[in-house]
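Okay, structure first, notes after.
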Amino acid sequence: MLTCPKCKELNGNDRATCYKCGTKLAETTRNSSSKRAFCPNCGMSNPAQAVNCSSCGSRLNAPRTSFQQSNSYDTESHTWMYVLAVLIPLLGIILGCISYAKDDRDLGKKLIITSVVVWLALIVFWMLFVSSLF
């Protein structure tokens, strides 16, 4: 049980704020349980092996392994996917769906949106080109 530093009310271990007064509970107290992962979005406590928050569904920030640190899995490594999404929109939609299914929802949404916008731009360009011929 966590104790609120302001009103001294007892709160559950999965609380980010005091239920009585709304004060943010101390990070040191909440992080003392090493077998829990805390959501960066809502602060809710989740099992250490959880990938997404059980409360809000946000992706949890798991500590990086040495493999992930050496292969920096950041936005720079996704550049090739965006290039494919622009050059071949259908492939971009497929890659976006795969990314979305693998719980990388932000990347999946961005790839799908990029592909759809490129596809619509190609359709508009084609319609203007065809109409100028007649």
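In the structure tokens, each chain is lettered A, B, ... as it comes, each chain's residues begin at 1, and ligands are numbered from 1 in order of appearance.
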
Handout entry: Surrounding residues of Ile98 in chain A excluding itself and chain neighbours under 3 positions, 12 Å, only C-alpha atoms, as a ChimeraX atom specification
Key = /A:81,91-95,101-109,111-112

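Among A:Ile123, A:Ile88, A:Cys56, A:Ala16, the residue with the shortest atom-to-atom distance to Gly43 in chain A, counting only C-alpha atoms, is A:Ala16.
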
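Checking A:Ser132, A:Thr3, A:Thr17, A:Asn11 one by one against Met44 in chain A, counting only C-alpha atoms, you find the shortest gap at A:Thr17.
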
Exercise for the section: Excluding Leu10 in chain A and any residue of its chain fewer than 4 positions from it, enumerate the residues within 12 Å of it, using only C-alpha atoms, and give them as a ChimeraX atom specification. Expected result: /A:1-6,14-15,17-21,25

Practice task
Using CA of Val124 in chain A and CA of Thr79 in chain A as the two end points, give the distance in Å to one decimal.
Solution key: 25.6 Å

Handout entry: Non-local contacts of Gly57 in chain A (10 Å; only C-alpha atoms; under 4 positions in same chain excluded) as an MDAnalysis selection string
Key = chainID A and resid 39 41:42 51:53
